[in-house]
Amino acid sequence: MRYGGNTACVEVRVGETCIVLDAGTGLRLLGNAMAQSDAPPPERIHLLITHTHWDHIIGFPFFEPIYDSRVSISIYGLRRTQPSLRATLANAVSDPLLPISLESLNANLAFHEINHTMCFSIGDHIHVSAAQVNHPYRALGYRVESSDGILVFIPDTGPFHTILFSDERVVWTGKPAPLSVEEQRALARMREAIVKLCAGADWIIYDSQFTPEQYLRFPHWGHSTPDQALDIAREAGVRELLLFHHDPHRTDAELDLIGRRYAQQAPPGMRVCVAYEGMELRREH
Ligand SMILES: [Zn+2]
Ligand SMILES: [Zn+2]
């Protein structure tokens, strides 16, 4: 009730530039806010998608600006062999799931498939880099950097010691299969790249879905605990860690407790907060 129940969507404003991180159900509220604002909608919206699990794209068809011919939307996401990012979103908005199609949308859409080693700029003042995170069917984390600050967005990732996720489904038997030396090395490299992505960030928004007890039961879902998020944040020397992607069954009272507990565990110079719907982050000058 207080922390909010919508799925992942974060708006980033750098001057006039509008970036949106993931298209979960929160995107619908963002579209409504844009439609109700006195200001015209942004001419261009940059939508960065970490992966196409339902909870990260389901807000897309309910985002008002896709029906506005004045708006252009650049959509970024992970390149796969099959299906393309465009095909996945096209399927999600077409029969038999919805009575529309990608072609029928009024906004001008452009798709950009990227890989985890890619860096690119938005305008001449915002730099985006990515890293692969440890999540079923692979996913990205993003670092958005400008003179206003550095924000890292890793809504979905497992830790780096139980399972190495890739494109194949992990069948969970109740006990982790032993990792090969190759897999251990791949996990260590992935973790290193994630710490680098987070290095010196003002804010990292990081997957903290599970309690440690839940993690032991569902490691094949590819989510982390607040302790695992805090380890990464500490190692990367970030200023503020936002615990994010709460378990859908978590209550406000439980999140209050988690917030208090991890705020106390934050090392000097770092803040740890539980993210809530409508939260605003701004760099203090
Ligand atoms: Zn996911
Ligand atoms: Zn998710």
# chains A, B, ... in the order shown; residues from 1 in each chain; ligands from 1
$ residues_near_ligand --ligand "ligand 1" --cutoff "9 Å" --atoms "only C-alpha atoms and all ligand atoms" --output "ChimeraX atom specification"
/A:50-56,135-139,155-157,221-223
$ select_by_dssp --residues "range 21-214 of chain A" --states "strand (DSSP E or B)" --output "ChimeraX atom specification"
/A:21,44-48,72-78,108-114,119-122,126-133,139-146,149-154,203-207
$ closest_residue --among "A:Pro268, A:Gly24, A:Gly15, A:Pro178" --to "ligand 2" --atoms "only C-alpha atoms and all ligand atoms"
A:Gly24
$ atom_distance --atom1 "CA of Cys198 in chain A" --atom2 "CA of Arg169 in chain A"
27.6 Å
$ atom_distance --atom1 "CA of Leu243 in chain A" --atom2 "CA of Ala130 in chain A"
19.5 Å
$ atom_distance --atom1 "CA of Arg283 in chain A" --atom2 "CA of Trp203 in chain A"
9.2 Å
$ closest_residue --among "A:His127, A:Ala275, A:Ile66, A:Ser74" --to "Ser101 in chain A" --atoms "only C-alpha atoms"
A:Ile66
$ select_by_dssp --residues "range 118-208 of chain A" --states "helix (DSSP H, G or I)" --output "PyMOL selection string"
chain A and resi 181-198
$ residues_around --residues "Ala236 in chain A" --least-positions-apart "4" --cutoff "9 Å" --atoms "only C-alpha atoms" --output "list in words"
Ile194, Val195, Lys196, Leu197, Cys198, Ala199, Gly200, Ala201, Asp231 and Ile232 of chain A
$ closest_residue --among "A:Pro96, A:Gly123, A:Pro41, A:Gly77" --to "Ala110 in chain A" --atoms "only C-alpha atoms"
A:Gly77
$ residues_around --residues "Gly269 in chain A" --least-positions-apart "5" --cutoff "12 Å" --atoms "only C-alpha atoms" --output "PDB file with C-alpha atoms, in the first residue's frame"
ATOM      1  CA  GLY A 200      31.454   5.361  -8.023  1.00  0.00           C
ATOM      2  CA  ASP A 202      25.534   8.176  -7.054  1.00  0.00           C
ATOM      3  CA  ALA A 233      27.348  -1.542  -3.593  1.00  0.00           C
ATOM      4  CA  ARG A 234      30.080  -1.662  -0.973  1.00  0.00           C
ATOM      5  CA  GLY A 237      31.862   2.466  -3.583  1.00  0.00           C
ATOM      6  CA  VAL A 238      28.420   3.844  -4.385  1.00  0.00           C
ATOM      7  CA  ARG A 239      26.769   6.721  -2.566  1.00  0.00           C
ATOM      8  CA  GLU A 240      23.282   5.324  -2.299  1.00  0.00           C
ATOM      9  CA  LEU A 241      21.791   1.853  -2.721  1.00  0.00           C
ATOM     10  CA  ALA A 263      20.293   1.282   6.686  1.00  0.00           C
TER      11      ALA A 263
END
$ closest_residue --among "A:Glu213, A:Glu64, A:Glu103, A:Glu183" --to "Ala35 in chain A" --atoms "only C-alpha atoms"
A:Glu64
$ closest_residue --among "A:Leu105, A:Ala131, A:Met34, A:Ile154" --to "ligand 2" --atoms "only C-alpha atoms and all ligand atoms"
A:Ile154
